[in-house]
>>> print(open('model_39.txt').read())   # compact mmCIF, C-alpha atoms
# COMPACT_ATOMS: atom_id res chain seq x y z
CA MET L 1 -23.20 3.15 -3.20
CA ALA L 2 -23.17 6.77 -2.15
CA GLU L 3 -21.42 9.24 -4.38
CA HIS L 4 -20.85 12.90 -3.87
CA ASP L 5 -22.39 14.94 -6.68
CA LEU L 6 -21.17 18.49 -7.24
CA SER L 7 -22.12 20.68 -10.19
CA PHE L 8 -21.09 24.22 -11.03
CA ASP L 9 -20.48 26.50 -14.00
CA ALA L 10 -16.92 27.20 -15.12
CA MET L 11 -14.86 27.48 -18.33
CA GLY L 12 -17.95 28.71 -20.13
CA SER L 13 -19.80 25.48 -19.56
CA HIS L 14 -21.15 23.12 -16.95
CA VAL L 15 -18.87 21.07 -14.75
CA ARG L 16 -19.98 18.04 -12.78
CA LEU L 17 -18.10 15.80 -10.38
CA LEU L 18 -19.29 12.43 -9.11
CA ILE L 19 -16.96 10.94 -6.51
CA GLY L 20 -17.40 7.65 -4.69
CA GLU L 21 -15.89 6.21 -1.56
CA PRO L 22 -12.34 7.27 -0.63
CA GLY L 23 -9.53 4.78 -0.29
CA PRO L 24 -7.63 4.37 2.98
CA GLY L 25 -6.20 7.66 4.18
CA MET L 26 -7.90 9.69 1.48
CA ALA L 27 -10.03 12.75 2.00
CA PRO L 28 -13.82 12.34 2.02
CA ALA L 29 -15.47 12.69 -1.35
CA ALA L 30 -16.99 16.05 -0.45
CA ALA L 31 -13.58 17.51 0.36
CA ALA L 32 -12.09 16.10 -2.84
CA ALA L 33 -14.93 17.60 -4.87
CA GLU L 34 -14.44 21.02 -3.32
CA GLN L 35 -10.71 20.85 -3.97
CA ALA L 36 -11.41 19.95 -7.59
CA ARG L 37 -13.86 22.83 -7.90
CA ARG L 38 -11.24 25.28 -6.67
CA PHE L 39 -8.77 23.82 -9.17
CA VAL L 40 -11.21 24.36 -12.05
CA VAL L 41 -11.72 27.98 -11.02
CA GLU L 42 -7.94 28.54 -10.94
CA PHE L 43 -7.55 26.68 -14.23
CA ASP L 44 -10.14 28.91 -15.88
CA ALA L 45 -8.60 32.07 -14.44
CA ALA L 46 -5.16 31.14 -15.76
CA LEU L 47 -6.05 29.76 -19.18
CA SER L 48 -9.06 31.71 -20.47
CA ARG L 49 -8.45 33.83 -23.54
CA PHE L 50 -11.51 35.86 -22.54
CA LYS L 51 -9.93 37.12 -19.32
CA PRO L 52 -7.31 39.81 -19.99
CA GLU L 53 -5.68 39.16 -16.63
CA SER L 54 -5.13 35.45 -17.38
CA GLU L 55 -1.65 34.04 -17.78
CA LEU L 56 -2.60 32.85 -21.26
CA CYS L 57 -3.44 36.40 -22.36
CA ALA L 58 -0.18 37.61 -20.84
CA LEU L 59 1.72 34.96 -22.81
CA ASN L 60 -0.03 35.91 -26.05
CA ALA L 61 0.75 39.59 -25.50
CA ASP L 62 4.37 39.09 -24.44
CA PRO L 63 6.86 40.45 -26.99
CA ARG L 64 9.62 38.07 -25.89
CA ARG L 65 10.32 34.82 -27.69
CA ASP L 66 10.94 32.85 -24.46
CA VAL L 67 8.35 33.54 -21.82
CA PRO L 68 8.43 32.22 -18.23
CA ALA L 69 5.30 30.22 -17.62
CA SER L 70 3.65 28.33 -14.80
CA GLU L 71 3.53 24.54 -14.82
CA LEU L 72 -0.19 24.69 -15.55
CA LEU L 73 0.26 26.88 -18.63
CA ARG L 74 3.14 24.74 -19.85
CA THR L 75 0.99 21.64 -19.41
CA ALA L 76 -1.85 23.27 -21.34
CA VAL L 77 0.43 24.28 -24.20
CA LYS L 78 1.92 20.80 -24.37
CA ALA L 79 -1.58 19.31 -24.50
CA GLY L 80 -2.49 21.66 -27.35
CA LEU L 81 0.65 20.77 -29.27
CA ARG L 82 0.03 17.04 -28.77
CA ALA L 83 -3.48 17.46 -30.12
CA ALA L 84 -2.17 19.33 -33.14
CA ALA L 85 0.43 16.67 -33.82
CA GLN L 86 -2.01 13.82 -33.26
CA SER L 87 -4.56 15.34 -35.62
CA GLY L 88 -2.01 16.24 -38.28
CA GLY L 89 -2.64 19.93 -37.68
CA LEU L 90 -6.45 19.82 -37.91
CA VAL L 91 -6.83 20.75 -34.24
CA ASP L 92 -4.73 23.89 -34.54
CA PRO L 93 -4.17 25.83 -31.29
CA THR L 94 -2.92 28.99 -33.01
CA LEU L 95 -6.12 30.15 -34.70
CA VAL L 96 -6.78 32.96 -32.25
CA GLY L 97 -6.83 35.72 -34.86
CA GLU L 98 -9.09 33.66 -37.10
CA ILE L 99 -11.65 32.85 -34.39
CA GLU L 100 -11.75 36.51 -33.39
CA SER L 101 -12.27 37.50 -37.02
CA ALA L 102 -15.16 35.07 -37.15
CA GLY L 103 -16.74 37.00 -34.30
CA TYR L 104 -15.83 34.91 -31.26
CA VAL L 105 -14.09 37.58 -29.19
CA ALA L 106 -15.87 37.11 -25.86
CA SER L 107 -17.30 34.21 -23.93
CA ARG L 108 -20.62 33.03 -25.28
CA ALA L 109 -21.61 31.27 -22.10
CA GLY L 110 -25.29 31.89 -21.55
CA VAL L 111 -25.69 33.58 -24.93
CA PRO L 112 -28.43 31.87 -26.94
CA GLY L 113 -27.11 30.67 -30.27
CA GLU L 114 -28.72 30.66 -33.68
CA PRO L 115 -30.72 27.50 -34.45
CA LEU L 116 -28.50 24.82 -35.96
CA ALA L 117 -31.10 23.71 -38.49
CA VAL L 118 -31.43 27.25 -39.82
CA ALA L 119 -27.65 27.65 -39.95
CA LEU L 120 -27.28 24.40 -41.87
CA ALA L 121 -29.78 25.57 -44.46
CA GLY L 122 -27.78 28.73 -45.04
CA ALA L 123 -24.30 27.25 -44.74
CA PRO L 124 -21.85 26.99 -47.64
CA PRO L 125 -21.28 23.71 -49.52
CA ARG L 126 -19.85 20.96 -47.34
CA ARG L 127 -16.23 19.98 -47.58
CA PRO L 128 -13.66 18.47 -45.22
CA ALA L 129 -11.38 20.83 -43.40
CA ARG L 130 -7.64 20.66 -44.05
CA PRO L 131 -4.58 21.51 -42.01
CA ASN L 132 -2.70 24.68 -42.82
CA PRO L 133 0.85 23.78 -43.88
CA ALA L 134 1.97 27.31 -42.99
CA SER L 135 0.62 27.13 -39.47
CA ARG L 136 3.19 28.03 -36.85
CA TRP L 137 2.19 25.67 -34.06
CA HIS L 138 5.31 23.68 -34.96
CA GLU L 139 7.34 26.64 -33.74
CA ILE L 140 5.95 26.57 -30.23
CA ALA L 141 8.12 24.74 -27.69
CA VAL L 142 7.89 24.09 -23.98
CA ASP L 143 10.98 23.86 -21.79
CA ASP L 144 10.03 22.42 -18.42
CA GLU L 145 13.54 22.66 -17.03
CA ALA L 146 13.79 26.34 -17.82
CA GLY L 147 10.10 26.85 -17.05
CA THR L 148 9.49 28.72 -20.30
CA ILE L 149 7.38 28.64 -23.42
CA SER L 150 9.06 29.65 -26.66
CA ARG L 151 7.25 30.84 -29.77
CA PRO L 152 7.66 33.54 -32.36
CA PRO L 153 6.24 36.74 -30.87
CA GLY L 154 2.81 37.35 -32.27
CA VAL L 155 1.88 33.67 -32.50
CA ARG L 156 -1.00 33.35 -30.10
CA PHE L 157 -2.06 30.16 -28.40
CA ASP L 158 -5.64 29.11 -27.63
CA SER L 159 -6.29 26.40 -25.06
CA GLY L 160 -9.94 26.21 -26.11
CA GLY L 161 -9.46 23.09 -28.22
CA THR L 162 -8.17 20.95 -25.38
CA GLY L 163 -8.69 22.96 -22.20
CA LYS L 164 -11.77 21.27 -20.81
CA GLY L 165 -10.39 17.82 -21.55
CA LEU L 166 -7.14 18.71 -19.84
CA ALA L 167 -8.99 19.96 -16.77
CA ALA L 168 -10.89 16.67 -16.62
CA ASP L 169 -7.68 14.65 -16.91
CA LEU L 170 -5.86 16.62 -14.22
CA ILE L 171 -8.76 16.26 -11.80
CA ALA L 172 -9.04 12.56 -12.61
CA ALA L 173 -5.37 12.12 -11.68
CA SER L 174 -6.14 13.51 -8.24
CA LEU L 175 -9.07 11.13 -7.77
CA ARG L 176 -7.18 7.86 -8.22
CA GLY L 177 -7.96 5.74 -5.22
CA TYR L 178 -11.63 6.63 -4.97
CA SER L 179 -13.94 3.72 -5.62
CA ARG L 180 -15.18 5.33 -8.82
CA PHE L 181 -15.60 8.80 -10.21
CA VAL L 182 -16.81 10.92 -13.10
CA VAL L 183 -15.30 14.25 -14.07
CA ASP L 184 -17.46 16.03 -16.62
CA CYS L 185 -16.07 19.31 -17.90
CA GLY L 186 -18.62 20.55 -20.38
CA GLY L 187 -19.20 17.17 -21.99
CA ASP L 188 -15.55 16.13 -21.91
CA ILE L 189 -15.85 13.25 -19.49
CA ARG L 190 -13.25 11.20 -17.68
CA ILE L 191 -14.24 8.07 -15.76
CA GLY L 192 -12.17 6.00 -13.35
CA GLY L 193 -11.96 4.05 -10.13
CA ALA L 194 -11.60 0.32 -9.57
CA ASN L 195 -15.30 -0.22 -8.98
CA ALA L 196 -16.25 1.55 -12.18
CA LEU L 197 -14.78 -1.37 -14.13
CA ALA L 198 -17.35 -3.70 -12.62
CA TRP L 199 -20.04 -1.08 -12.26
CA PRO L 200 -19.72 1.13 -15.31
CA TYR L 201 -21.47 4.43 -15.69
CA GLU L 202 -24.07 5.11 -18.30
CA VAL L 203 -23.25 8.13 -20.42
CA PHE L 204 -25.94 9.60 -22.61
CA VAL L 205 -24.92 11.15 -25.90
CA GLU L 206 -27.00 14.18 -26.69
CA HIS L 207 -28.30 14.61 -30.22
CA PRO L 208 -27.20 18.00 -31.54
CA LEU L 209 -30.47 18.67 -33.35
CA SER L 210 -33.11 17.33 -31.00
CA GLY L 211 -31.27 17.44 -27.70
CA GLU L 212 -32.56 13.95 -27.03
CA ARG L 213 -30.50 10.88 -26.20
CA ALA L 214 -28.90 9.65 -29.38
CA PHE L 215 -26.97 6.79 -27.79
CA VAL L 216 -26.14 5.28 -24.44
CA LEU L 217 -22.57 4.31 -23.62
CA LYS L 218 -21.42 2.20 -20.70
CA LEU L 219 -18.02 3.29 -19.57
CA GLY L 220 -15.96 1.80 -16.78
CA THR L 221 -12.74 3.58 -17.57
CA GLY L 222 -11.27 6.09 -19.99
CA ALA L 223 -12.85 9.13 -21.50
CA VAL L 224 -15.50 10.34 -23.89
CA ALA L 225 -15.85 13.77 -25.45
CA THR L 226 -18.20 15.44 -27.87
CA SER L 227 -17.57 18.19 -30.35
CA GLY L 228 -20.49 19.79 -32.10
CA LEU L 229 -21.89 22.83 -33.80
CA ASN L 230 -25.16 23.11 -31.94
CA VAL L 231 -24.14 25.18 -28.94
CA ARG L 232 -22.17 28.11 -30.35
CA ILE L 233 -23.59 29.40 -33.60
CA TRP L 234 -23.76 33.10 -34.37
CA ARG L 235 -23.82 35.46 -37.32
CA ASP L 236 -20.60 37.22 -38.25
CA ALA L 237 -20.26 40.86 -39.30
CA ASP L 238 -21.44 39.94 -42.81
CA GLY L 239 -24.50 38.15 -41.52
CA ARG L 240 -23.15 34.68 -42.32
CA PHE L 241 -23.55 31.85 -39.86
CA ALA L 242 -20.40 31.07 -37.93
CA HIS L 243 -19.26 28.64 -35.24
CA HIS L 244 -16.13 27.89 -33.27
CA LEU L 245 -14.71 24.92 -35.19
CA LEU L 246 -12.46 26.41 -37.83
CA ASP L 247 -10.93 24.98 -40.96
CA PRO L 248 -7.22 25.67 -40.43
CA ALA L 249 -6.63 25.96 -44.17
CA SER L 250 -9.17 28.74 -44.67
CA GLY L 251 -9.47 30.15 -41.17
CA GLU L 252 -13.26 30.03 -41.65
CA PRO L 253 -15.85 27.97 -39.78
CA ALA L 254 -15.87 24.42 -41.15
CA TRP L 255 -19.05 22.94 -42.65
CA THR L 256 -18.09 19.37 -43.31
CA GLY L 257 -21.37 17.48 -43.41
CA LEU L 258 -21.17 16.53 -39.74
CA ILE L 259 -22.78 18.43 -36.90
CA GLY L 260 -21.56 16.39 -33.96
CA VAL L 261 -18.98 13.76 -33.10
CA THR L 262 -18.53 11.82 -29.89
CA ALA L 263 -15.23 10.02 -29.46
CA LEU L 264 -13.75 7.59 -26.97
CA GLY L 265 -10.18 7.79 -25.73
CA ASP L 266 -7.85 6.91 -22.92
CA THR L 267 -7.84 10.51 -21.73
CA ALA L 268 -10.27 13.35 -22.14
CA VAL L 269 -7.74 15.34 -24.15
CA GLU L 270 -7.33 12.41 -26.50
CA ALA L 271 -11.08 11.91 -26.83
CA GLU L 272 -11.61 15.63 -27.43
CA THR L 273 -8.88 15.64 -30.06
CA PHE L 274 -10.43 12.66 -31.83
CA ALA L 275 -13.86 14.29 -31.71
CA LYS L 276 -12.70 17.60 -33.16
CA ALA L 277 -10.46 16.00 -35.77
CA ALA L 278 -13.26 13.68 -36.84
CA LEU L 279 -15.81 16.46 -37.15
CA LEU L 280 -13.40 18.59 -39.15
CA SER L 281 -12.55 15.65 -41.41
CA GLY L 282 -16.12 15.15 -42.65
CA PRO L 283 -17.97 11.83 -42.87
CA GLU L 284 -15.32 9.80 -44.67
CA GLY L 285 -12.42 11.15 -42.69
CA ALA L 286 -14.31 10.76 -39.42
CA ARG L 287 -14.68 7.03 -39.96
CA ALA L 288 -10.92 6.78 -40.32
CA VAL L 289 -10.23 8.94 -37.28
CA LEU L 290 -12.61 6.96 -35.09
CA ALA L 291 -11.89 3.52 -36.49
CA GLU L 292 -9.52 2.44 -33.74
CA ARG L 293 -11.14 3.78 -30.57
CA GLY L 294 -14.72 4.13 -31.69
CA GLY L 295 -17.17 6.95 -31.72
CA LEU L 296 -20.45 8.32 -32.90
CA VAL L 297 -20.99 10.77 -35.73
CA VAL L 298 -24.11 12.78 -36.43
CA HIS L 299 -24.65 13.84 -40.01
CA ASP L 300 -26.14 17.14 -41.13
CA GLY L 301 -29.52 15.53 -41.61
CA GLY L 302 -29.50 14.12 -38.09
CA ARG L 303 -28.56 10.54 -38.89
CA VAL L 304 -26.53 8.93 -36.13
CA GLU L 305 -23.76 6.53 -37.14
CA SER L 306 -21.64 4.48 -34.76
CA VAL L 307 -18.08 3.87 -35.87
CA GLY L 308 -15.32 1.44 -34.99
CA PRO L 309 -15.45 -0.65 -31.82
CA LEU L 310 -18.44 1.28 -30.56
CA SER L 311 -20.62 -0.18 -33.27
CA ALA L 312 -19.83 -3.70 -32.05
CA LYS L 313 -19.65 -2.98 -28.35
CA PRO L 314 -22.07 -4.96 -26.21
CA ARG L 315 -24.64 -2.68 -24.69
CA ILE L 316 -25.15 -4.78 -21.56
CA ARG L 317 -22.46 -6.16 -19.33
CA ILE L 318 -22.75 -8.59 -16.44
CA PRO L 319 -20.46 -7.31 -13.72
CA ALA L 320 -17.92 -9.79 -12.43
CA ALA L 321 -18.56 -8.91 -8.82
CA PRO L 322 -20.30 -6.24 -6.84
CA PRO L 323 -18.17 -3.55 -5.29
CA THR L 324 -16.86 -4.49 -1.90
CA GLY L 325 -15.92 -1.11 -0.62
CA ALA L 326 -13.29 1.48 -1.26
CA ALA L 327 -10.56 0.77 -3.74
CA ALA L 328 -6.96 0.81 -2.82
CA MET S 1 -60.56 -94.20 15.49
CA THR S 2 -60.99 -90.86 17.14
CA ARG S 3 -58.17 -88.45 17.79
CA ARG S 4 -58.00 -86.72 21.18
CA ARG S 5 -57.95 -83.03 21.10
CA PRO S 6 -55.18 -81.34 23.17
CA SER S 7 -56.36 -79.52 26.14
CA PRO S 8 -56.41 -75.72 26.03
CA ARG S 9 -53.90 -75.56 28.84
CA ALA S 10 -51.40 -77.65 26.87
CA VAL S 11 -51.82 -75.38 23.80
CA VAL S 12 -51.15 -72.23 25.84
CA TRP S 13 -48.09 -73.66 27.54
CA GLY S 14 -46.81 -75.08 24.31
CA SER S 15 -47.14 -71.70 22.58
CA ILE S 16 -45.33 -69.96 25.39
CA ALA S 17 -42.55 -72.49 25.32
CA LEU S 18 -42.13 -72.21 21.56
CA PHE S 19 -42.04 -68.38 21.77
CA ALA S 20 -39.41 -68.56 24.50
CA VAL S 21 -37.24 -70.89 22.47
CA LEU S 22 -37.43 -68.69 19.37
CA LEU S 23 -36.71 -65.55 21.40
CA ALA S 24 -33.67 -67.16 23.00
CA LEU S 25 -32.43 -68.30 19.63
CA LEU S 26 -32.74 -64.83 18.06
CA THR S 27 -31.14 -63.12 21.04
CA HIS S 28 -28.18 -65.42 20.90
CA GLN S 29 -27.80 -64.92 17.18
CA LEU S 30 -27.92 -61.14 17.51
CA SER S 31 -25.35 -60.99 20.27
CA ALA S 32 -22.99 -63.33 18.46
CA SER S 33 -22.98 -61.43 15.14
CA GLN S 34 -20.15 -58.89 14.25
CA PRO S 35 -20.98 -55.26 13.58
CA PRO S 36 -21.01 -54.51 9.86
CA ALA S 37 -17.86 -53.09 8.37
CA PRO S 38 -18.08 -49.33 7.67
CA ARG S 39 -19.02 -48.57 4.10
CA PRO S 40 -16.78 -46.25 2.15
CA VAL S 41 -18.34 -42.82 1.68
CA LEU S 42 -18.07 -41.30 -1.74
CA VAL S 43 -17.80 -37.54 -1.62
CA ARG S 44 -18.73 -35.69 -4.75
CA THR S 45 -18.12 -32.04 -5.36
CA VAL S 46 -21.10 -30.48 -7.00
CA ILE S 47 -20.43 -27.21 -8.73
CA LYS S 48 -23.44 -25.13 -9.42
CA ARG S 49 -22.91 -22.31 -11.86
CA LYS S 50 -25.10 -19.38 -11.14
CA VAL S 51 -25.30 -16.37 -13.44
CA VAL S 52 -26.43 -13.32 -11.59
CA THR S 53 -27.63 -10.47 -13.70
CA THR S 54 -27.43 -7.39 -11.59
CA TYR S 55 -29.18 -4.18 -12.38
CA VAL S 56 -26.57 -1.50 -12.78
CA PRO S 57 -28.16 1.64 -11.43
CA THR S 58 -27.89 4.82 -13.39
CA PRO S 59 -25.22 6.71 -11.47
CA GLY S 60 -27.50 9.65 -10.96
CA ARG S 61 -29.95 7.41 -9.18
CA SER S 62 -27.33 6.06 -6.86
CA THR S 63 -25.83 9.37 -5.96
CA VAL S 64 -26.28 11.42 -2.89
CA SER S 65 -26.09 15.14 -3.19
CA THR S 66 -24.60 16.82 -0.19
CA SER S 67 -24.13 20.20 -1.73
CA GLY S 68 -26.93 21.72 0.30
CA SER S 69 -27.30 20.24 3.74
CA ALA S 70 -30.52 22.06 4.47
CA ALA S 71 -32.12 21.32 1.14
CA PRO S 72 -33.96 18.10 0.52
CA LEU S 73 -32.15 15.55 -1.62
CA PRO S 74 -33.27 15.54 -5.21
CA ALA S 75 -35.53 12.67 -6.10
CA GLU S 76 -33.41 11.86 -9.12
CA ALA S 77 -30.10 13.42 -10.06
CA ALA S 78 -29.30 14.35 -13.64
CA PRO S 79 -27.80 11.64 -15.84
CA ILE S 80 -24.27 11.93 -17.18
CA THR S 81 -24.48 13.45 -20.61
CA THR S 82 -21.90 14.31 -23.23
CA GLY S 83 -22.69 16.98 -25.76
CA ALA S 84 -21.12 19.97 -27.41
CA SER S 85 -20.41 22.83 -25.07
>>> encode(input="model_39.txt", output="structure tokens")
Amino acid sequence: MAEHDLSFDAMGSHVRLLIGEPGPGMAPAAAAAEQARRFVVEFDAALSRFKPESELCALNADPRRDVPASELLRTAVKAGLRAAAQSGGLVDPTLVGEIESAGYVASRAGVPGEPLAVALAGAPPRRPARPNPASRWHEIAVDDEAGTISRPPGVRFDSGGTGKGLAADLIAASLRGYSRFVVDCGGDIRIGGANALAWPYEVFVEHPLSGERAFVLKLGTGAVATSGLNVRIWRDADGRFAHHLLDPASGEPAWTGLIGVTALGDTAVEAETFAKAALLSGPEGARAVLAERGGLVVHDGGRVESVGPLSAKPRIRIPAAPPTGAAA
Amino acid sequence: MTRRRPSPRAVVWGSIALFAVLLALLTHQLSASQPPAPRPVLVRTVIKRKVVTTYVPTPGRSTVSTSGSAAPLPAEAAPITTGAS
């Protein structure tokens, strides 16, 4: 069972592709992986808010209400709007000014963060985040026929909440027909392929405090994503600890009593949305968010709690049949 | 009254004659008998249920890295891990 394994850095994180045997008439796994790598580079160049030449930055700076946009940017904006709607506004894609005010104005890839345990000790009292009823993400619209994005000038869009998941989903769509595959865009993971159903992958969930394996999932299809505070913590201009998951109601970093959430979903965007919404909702709200699809929450003190179907999911499966070659 | 013992020659010839008679009788009986009717054969289907527990390899261990053709393959590739990024 040979699989092509390609890893590289992009989108401010680590990307990994595992691609199995091609179906009839499909490109070899190595060629598919290289094509996917090029796509991720283009995706990052177009949608990064840290690159002034990106199409996203051009959109955010454009004074017009209706702005011509590429299919990729329109797809990214639609994904962000779906996440906002699905989360009731908790995953808000318009908090660009707020995240910059918190001190996140440039990529923090490779920048060592403050220790999470220290930040937790100095963080404000815990409370669930809330949506901002005055948020203007409702006013953003995508017109695929006209090829435009409409929004009130000055309302800026950030693809950061769903970008890596979207990249994983788009690559996964191009890998249908391979025996099995994994697309891992910075922990937002999409799994597929006919053989993966019988031969699922093991996915380790990293504990945000210790970095050790907190849980092992077996996934044959679908997606899993993790949202957590442990990677990007810094001190703002006032010396307070800050991170990138904001409470839309206050525009400030959210300290909800949870430090990490892993969620399952049909797509990586969906899983990422569940994970972020659950973390922002705090312990009680997270159980509700994850009840249907399942997930894992890590409390401030480090306690790991499995929620929903995941808590009852069998840890060992007997495959129905071994893989017999490339899938159609 | 004394009884005459048969001579050895008469005993030998008598035994041979008796053997020949019995042999002829058995041969005739064997050739005259019908072959036995074929017995019906009962075929039974035996289903054996076998549960095979197969070790599912960690994907990293079943992968082949071809990113560097000149470099040796890693002994063990990294596992798939989800975490905040």
>>> residues_around(input="model_39.txt", residues="Pro153 in chain L", least_positions_apart="2", cutoff="7 Å", atoms="only C-alpha atoms", output="count of residues only")
5
>>> atom_distance(input="model_39.txt", atom1="CA of Ala79 in chain L", atom2="CA of Ala84 in chain S")
19.8 Å
>>> closest_atom_pairs(input="model_39.txt", of="chain L", to="chain S", cutoff="7 Å", atoms="all atoms listed in the file", output="CSV")
residue,atom,partner,partner_atom,distance
L:Met1,CA,S:Ser62,CA,6.2
L:Ala2,CA,S:Thr63,CA,5.3
L:Glu3,CA,S:Thr63,CA,4.7
L:His4,CA,S:Val64,CA,5.7
L:Asp5,CA,S:Ser65,CA,5.1
L:Leu6,CA,S:Ser67,CA,6.5
L:Ser13,CA,S:Ser85,CA,6.1
L:Gly186,CA,S:Ser85,CA,5.5
L:Gly187,CA,S:Thr82,CA,4.1
L:Asp188,CA,S:Thr82,CA,6.7
L:Trp199,CA,S:Val56,CA,6.6
L:Tyr201,CA,S:Pro59,CA,6.1
L:Glu202,CA,S:Thr58,CA,6.2
L:Val203,CA,S:Ile80,CA,5.1
L:Phe204,CA,S:Thr81,CA,4.6
L:Val205,CA,S:Thr82,CA,5.1
L:Glu206,CA,S:Gly83,CA,5.2
L:Ala225,CA,S:Thr82,CA,6.5
L:Thr226,CA,S:Gly83,CA,5.2
L:Ser227,CA,S:Ala84,CA,4.9
L:Gly228,CA,S:Ala84,CA,4.7
L:Asn230,CA,S:Ala84,CA,6.8
L:Val231,CA,S:Ser85,CA,5.9
L:Ile318,CA,S:Thr53,CA,5.9
>>> residues_around(input="model_39.txt", residues="range 243-250 of chain L", least_positions_apart="5", cutoff="6 Å", atoms="all atoms listed in the file", output="list in words")
Ala129, Arg130, Pro131, Asn132, Arg232 and Ile233 of chain L
>>> residues_around(input="model_39.txt", residues="Met11 in chain L", least_positions_apart="2", cutoff="9 Å", atoms="all atoms listed in the file", output="count of residues only")
15
>>> closest_residue(input="model_39.txt", among="L:Pro124, L:Val77, L:Thr267, L:Gly301", to="Phe157 in chain L", atoms="only C-alpha atoms")
L:Val77
>>> axis_aligned_box(input="model_39.txt", around="range 74-87 of chain L", padding_each_side="4 Å", output="AutoDock Vina command-line options")
--center_x -0.7 --center_y 19.3 --center_z -27.5 --size_x 15.7 --size_y 18.9 --size_z 24.2
>>> atom_distance(input="model_39.txt", atom1="CA of Ser210 in chain L", atom2="CA of Glu114 in chain L")
14.3 Å
>>> atom_distance(input="model_39.txt", atom1="CA of Gly23 in chain L", atom2="CA of Arg176 in chain L")
8.8 Å
>>> closest_residue(input="model_39.txt", among="L:Pro125, L:Leu116, L:Arg180, L:Ala237", to="Gly211 in chain L", atoms="only C-alpha atoms")
L:Leu116
>>> closest_residue(input="model_39.txt", among="L:Gly165, L:Pro52, L:Pro22, L:Gly285", to="Val105 in chain L", atoms="only C-alpha atoms")
L:Pro52
>>> residues_around(input="model_39.txt", residues="Asp266 in chain L", least_positions_apart="4", cutoff="10 Å", atoms="only C-alpha atoms", output="compact mmCIF listing (two decimals) with C-alpha atoms, keeping the file's coordinate frame")
# COMPACT_ATOMS: atom_id res chain seq x y z
CA ASP L 169 -7.68 14.65 -16.91
CA ARG L 190 -13.25 11.20 -17.68
CA ILE L 191 -14.24 8.07 -15.76
CA THR L 221 -12.74 3.58 -17.57
CA GLY L 222 -11.27 6.09 -19.99
CA ALA L 223 -12.85 9.13 -21.50
CA VAL L 224 -15.50 10.34 -23.89
CA GLU L 270 -7.33 12.41 -26.50
CA ALA L 271 -11.08 11.91 -26.83
CA ARG L 293 -11.14 3.78 -30.57
>>> build_atoms(input="model_39.txt", residues="range 264-277 of chain L", atoms="N, CA and C atoms", output="PDB file, keeping the file's coordinate frame")
ATOM      1  N   LEU L 264     -14.302   8.232 -28.159  1.00  0.00           N
ATOM      2  CA  LEU L 264     -13.750   7.590 -26.970  1.00  0.00           C
ATOM      3  C   LEU L 264     -12.222   7.720 -26.989  1.00  0.00           C
ATOM      4  N   GLY L 265     -11.634   7.721 -25.817  1.00  0.00           N
ATOM      5  CA  GLY L 265     -10.180   7.790 -25.730  1.00  0.00           C
ATOM      6  C   GLY L 265      -9.709   7.380 -24.360  1.00  0.00           C
ATOM      7  N   ASP L 266      -8.404   7.241 -24.235  1.00  0.00           N
ATOM      8  CA  ASP L 266      -7.850   6.910 -22.920  1.00  0.00           C
ATOM      9  C   ASP L 266      -7.942   8.107 -21.979  1.00  0.00           C
ATOM     10  N   THR L 267      -7.742   9.290 -22.528  1.00  0.00           N
ATOM     11  CA  THR L 267      -7.840  10.510 -21.730  1.00  0.00           C
ATOM     12  C   THR L 267      -8.861  11.438 -22.377  1.00  0.00           C
ATOM     13  N   ALA L 268      -9.279  12.418 -21.603  1.00  0.00           N
ATOM     14  CA  ALA L 268     -10.270  13.350 -22.140  1.00  0.00           C
ATOM     15  C   ALA L 268      -9.664  14.215 -23.232  1.00  0.00           C
ATOM     16  N   VAL L 269      -8.390  14.571 -23.092  1.00  0.00           N
ATOM     17  CA  VAL L 269      -7.740  15.340 -24.150  1.00  0.00           C
ATOM     18  C   VAL L 269      -7.704  14.529 -25.444  1.00  0.00           C
ATOM     19  N   GLU L 270      -7.372  13.261 -25.307  1.00  0.00           N
ATOM     20  CA  GLU L 270      -7.330  12.410 -26.500  1.00  0.00           C
ATOM     21  C   GLU L 270      -8.711  12.285 -27.128  1.00  0.00           C
ATOM     22  N   ALA L 271      -9.723  12.050 -26.303  1.00  0.00           N
ATOM     23  CA  ALA L 271     -11.080  11.910 -26.830  1.00  0.00           C
ATOM     24  C   ALA L 271     -11.538  13.218 -27.490  1.00  0.00           C
ATOM     25  N   GLU L 272     -11.215  14.336 -26.875  1.00  0.00           N
ATOM     26  CA  GLU L 272     -11.610  15.630 -27.430  1.00  0.00           C
ATOM     27  C   GLU L 272     -10.894  15.868 -28.772  1.00  0.00           C
ATOM     28  N   THR L 273      -9.633  15.476 -28.816  1.00  0.00           N
ATOM     29  CA  THR L 273      -8.880  15.640 -30.060  1.00  0.00           C
ATOM     30  C   THR L 273      -9.475  14.782 -31.171  1.00  0.00           C
ATOM     31  N   PHE L 274      -9.793  13.538 -30.838  1.00  0.00           N
ATOM     32  CA  PHE L 274     -10.430  12.660 -31.830  1.00  0.00           C
ATOM     33  C   PHE L 274     -11.756  13.263 -32.309  1.00  0.00           C
ATOM     34  N   ALA L 275     -12.543  13.765 -31.355  1.00  0.00           N
ATOM     35  CA  ALA L 275     -13.860  14.290 -31.710  1.00  0.00           C
ATOM     36  C   ALA L 275     -13.735  15.491 -32.650  1.00  0.00           C
ATOM     37  N   LYS L 276     -12.867  16.407 -32.315  1.00  0.00           N
ATOM     38  CA  LYS L 276     -12.700  17.600 -33.160  1.00  0.00           C
ATOM     39  C   LYS L 276     -12.119  17.236 -34.522  1.00  0.00           C
ATOM     40  N   ALA L 277     -11.093  16.390 -34.504  1.00  0.00           N
ATOM     41  CA  ALA L 277     -10.460  16.000 -35.770  1.00  0.00           C
ATOM     42  C   ALA L 277     -11.459  15.271 -36.659  1.00  0.00           C
TER      43      ALA L 277
END
